[in-house]
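Asker: Sharing structure-v9.cif (mmCIF, C-alpha atoms and all ligand atoms) below.
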data_run
loop_
_atom_site.label_atom_id
_atom_site.label_comp_id
_atom_site.auth_asym_id
_atom_site.auth_seq_id
_atom_site.Cartn_x
_atom_site.Cartn_y
_atom_site.Cartn_z
CA MET A 1 -33.43 17.91 -18.04
CA SER A 2 -30.86 15.62 -16.47
CA MET A 3 -29.90 12.26 -17.83
CA ILE A 4 -27.60 9.62 -16.45
CA ALA A 5 -24.59 9.12 -18.70
CA SER A 6 -23.20 5.67 -19.16
CA GLU A 7 -19.57 4.84 -19.74
CA ASP A 8 -18.43 1.39 -20.72
CA ALA A 9 -14.76 2.21 -21.27
CA MET A 10 -13.88 1.62 -17.61
CA SER A 11 -15.74 -1.42 -16.38
CA ALA A 12 -16.70 -2.27 -12.82
CA GLU A 13 -16.07 -5.96 -13.49
CA ALA A 14 -12.53 -5.90 -12.03
CA ASP A 15 -13.75 -4.04 -8.93
CA PRO A 16 -15.72 -6.28 -6.51
CA ILE A 17 -17.21 -3.29 -4.67
CA GLY A 18 -18.21 -1.74 -7.97
CA ALA A 19 -19.72 -5.04 -9.06
CA VAL A 20 -21.95 -5.05 -5.95
CA LEU A 21 -22.83 -1.38 -5.70
CA GLY A 22 -22.75 -0.45 -9.38
CA GLU A 23 -21.38 2.69 -10.94
CA LEU A 24 -21.87 6.09 -9.36
CA PRO A 25 -24.21 8.08 -11.62
CA VAL A 26 -23.00 11.00 -13.68
CA LEU A 27 -25.76 13.55 -14.11
CA THR A 28 -25.69 15.36 -17.43
CA PRO A 29 -25.41 18.19 -18.04
CA VAL A 30 -22.67 18.17 -15.41
CA ARG A 31 -23.38 20.54 -12.52
CA THR A 32 -20.61 23.07 -12.00
CA GLU A 33 -20.26 22.15 -8.30
CA HIS A 34 -19.47 18.54 -9.27
CA VAL A 35 -16.40 19.51 -11.34
CA PRO A 36 -14.06 20.37 -8.40
CA LEU A 37 -15.28 17.25 -6.59
CA ALA A 38 -14.42 15.20 -9.66
CA VAL A 39 -10.91 16.73 -9.78
CA ARG A 40 -10.46 15.79 -6.13
CA ALA A 41 -11.71 12.25 -6.83
CA VAL A 42 -9.28 11.54 -9.69
CA VAL A 43 -6.30 13.07 -7.84
CA VAL A 44 -6.95 11.43 -4.45
CA HIS A 45 -7.93 8.09 -6.02
CA ALA A 46 -4.84 7.82 -8.23
CA ARG A 47 -3.17 4.58 -9.24
CA GLN A 48 -0.46 2.99 -7.15
CA GLU A 49 1.72 0.07 -8.23
CA TRP A 50 2.01 -2.84 -5.79
CA PRO A 51 3.61 -6.25 -6.32
CA ALA A 52 0.11 -7.75 -6.29
CA GLY A 53 -1.18 -5.30 -8.90
CA VAL A 54 -2.35 -1.77 -9.50
CA VAL A 55 -4.64 -0.41 -6.78
CA CYS A 56 -6.23 2.87 -5.74
CA ARG A 57 -3.81 4.85 -3.56
CA ASN A 58 -6.68 5.86 -1.26
CA ASP A 59 -8.85 2.78 -0.73
CA ARG A 60 -6.68 -0.07 -2.13
CA ALA A 61 -9.46 -1.21 -4.47
CA PRO A 62 -8.38 -2.41 -7.91
CA TYR A 63 -7.58 0.67 -9.98
CA PRO A 64 -9.56 2.51 -11.24
CA CYS A 65 -11.84 2.41 -8.18
CA ARG A 66 -15.45 3.64 -8.26
CA LEU A 67 -14.56 7.23 -7.33
CA ALA A 68 -11.70 7.39 -9.84
CA ARG A 69 -14.06 6.14 -12.55
CA TRP A 70 -16.78 8.60 -11.47
CA GLY A 71 -14.41 11.57 -11.39
CA ARG A 72 -13.02 10.82 -14.83
CA ARG A 73 -16.52 10.32 -16.31
CA VAL A 74 -17.71 13.63 -14.78
CA LEU A 75 -14.69 15.52 -16.12
CA LEU A 76 -15.05 13.99 -19.58
CA ALA A 77 -18.77 14.83 -19.59
CA ALA A 78 -17.89 18.41 -18.56
CA GLY A 79 -15.62 18.69 -21.57
CA VAL A 80 -12.23 18.28 -19.89
CA PRO A 81 -9.94 16.41 -22.32
CA ASP A 82 -8.49 13.07 -21.27
CA GLU A 83 -4.95 14.45 -21.59
CA ARG A 84 -5.79 17.30 -19.19
CA ILE A 85 -7.21 14.81 -16.66
CA ASN A 86 -3.97 12.81 -16.85
CA LEU A 87 -2.00 16.02 -16.22
CA LEU A 88 -4.18 16.83 -13.19
CA VAL A 89 -3.56 13.37 -11.75
CA ALA A 90 0.19 13.62 -12.41
CA ALA A 91 0.35 17.09 -10.78
CA GLY A 92 -1.36 15.71 -7.67
CA ASN A 93 -3.16 18.91 -6.65
CA PRO A 94 -6.74 18.03 -5.62
CA TYR A 95 -7.72 21.70 -5.76
CA ALA A 96 -6.39 22.47 -9.24
CA SER A 97 -8.64 23.94 -11.90
CA PRO A 98 -9.49 21.44 -14.62
CA TRP A 99 -9.48 24.27 -17.17
CA GLY A 100 -5.74 24.95 -16.95
ZN ZN B 1 -10.25 4.92 -4.72
#
Take the structure I supplied and represent it as structure tokens, if you would.
Answerer:
Amino acid sequence: MSMIASEDAMSAEADPIGAVLGELPVLTPVRTEHVPLAVRAVVVHARQEWPAGVVCRNDRAPYPCRLARWGRRVLLAAGVPDERINLLVAAGNPYASPWG
């Protein structure tokens, strides 16, 4: 049976689009086909420093954007450690395996 996981650590309050549309749902247990999509989301929607603040490199929304938050929540729910997610983002390969 699937349930929708909630994650309050990364709020949508700073993201006006997220505030309107809400968080993308994370179905648990995580489906295996969602894991590579989540890796792609966190790598493509990485943070970028601008004089006006930190934004998503892809869509210029305040970082973390909806897809960055979704990807990280999916990977965490799939059992990928936070440190490994940070390494994936730093490596910048959207097709990398989250399992090392
Ligand atoms: Zn983004």
Asker: Please, what is the axis-aligned box for every listed atom of stretch 64-73 of chain A with 5 Å on each side, as centre and edge lengths in Å to one decimal, as lines of an AutoDock Vina configuration file?
Answerer:
center_x = -13.2
center_y = 7.0
center_z = -11.8
size_x = 17.2
size_y = 19.2
size_z = 19.0
Asker: Around ligand ZN 1 (chain B), out to 9 Å and counting all atoms listed in the file, which residues are there? I want them as a list in words.
Answerer: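 Within the 9 Å cut-off, the matching residues are Ala41, Val42, Val44, His45, Ala46, Arg47, Val55, Cys56, Arg57, Asn58, Asp59, Arg60, Ala61, Pro62, Tyr63, Pro64, Cys65, Arg66, Leu67, Ala68 and Arg69 of chain A.
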Asker: Pick out the residues sitting within 12 Å of stretch 86-92 of chain A, and hand them over as a VMD selection string; count all atoms listed in the file, and ignore anything fewer than 3 positions along from it in its own chain.
Answerer: chain A and resid 36 38 to 48 57 68 71 to 72 75 to 76 80 to 83 95 to 100
Asker: For A:Pro94, which residue among A:Leu24, A:Val30, A:Leu37, A:Ile17 is the nearest when counting all atoms listed in the file?
Answerer: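 Of the candidates, the smallest distance to A:Pro94 is held by A:Leu37.
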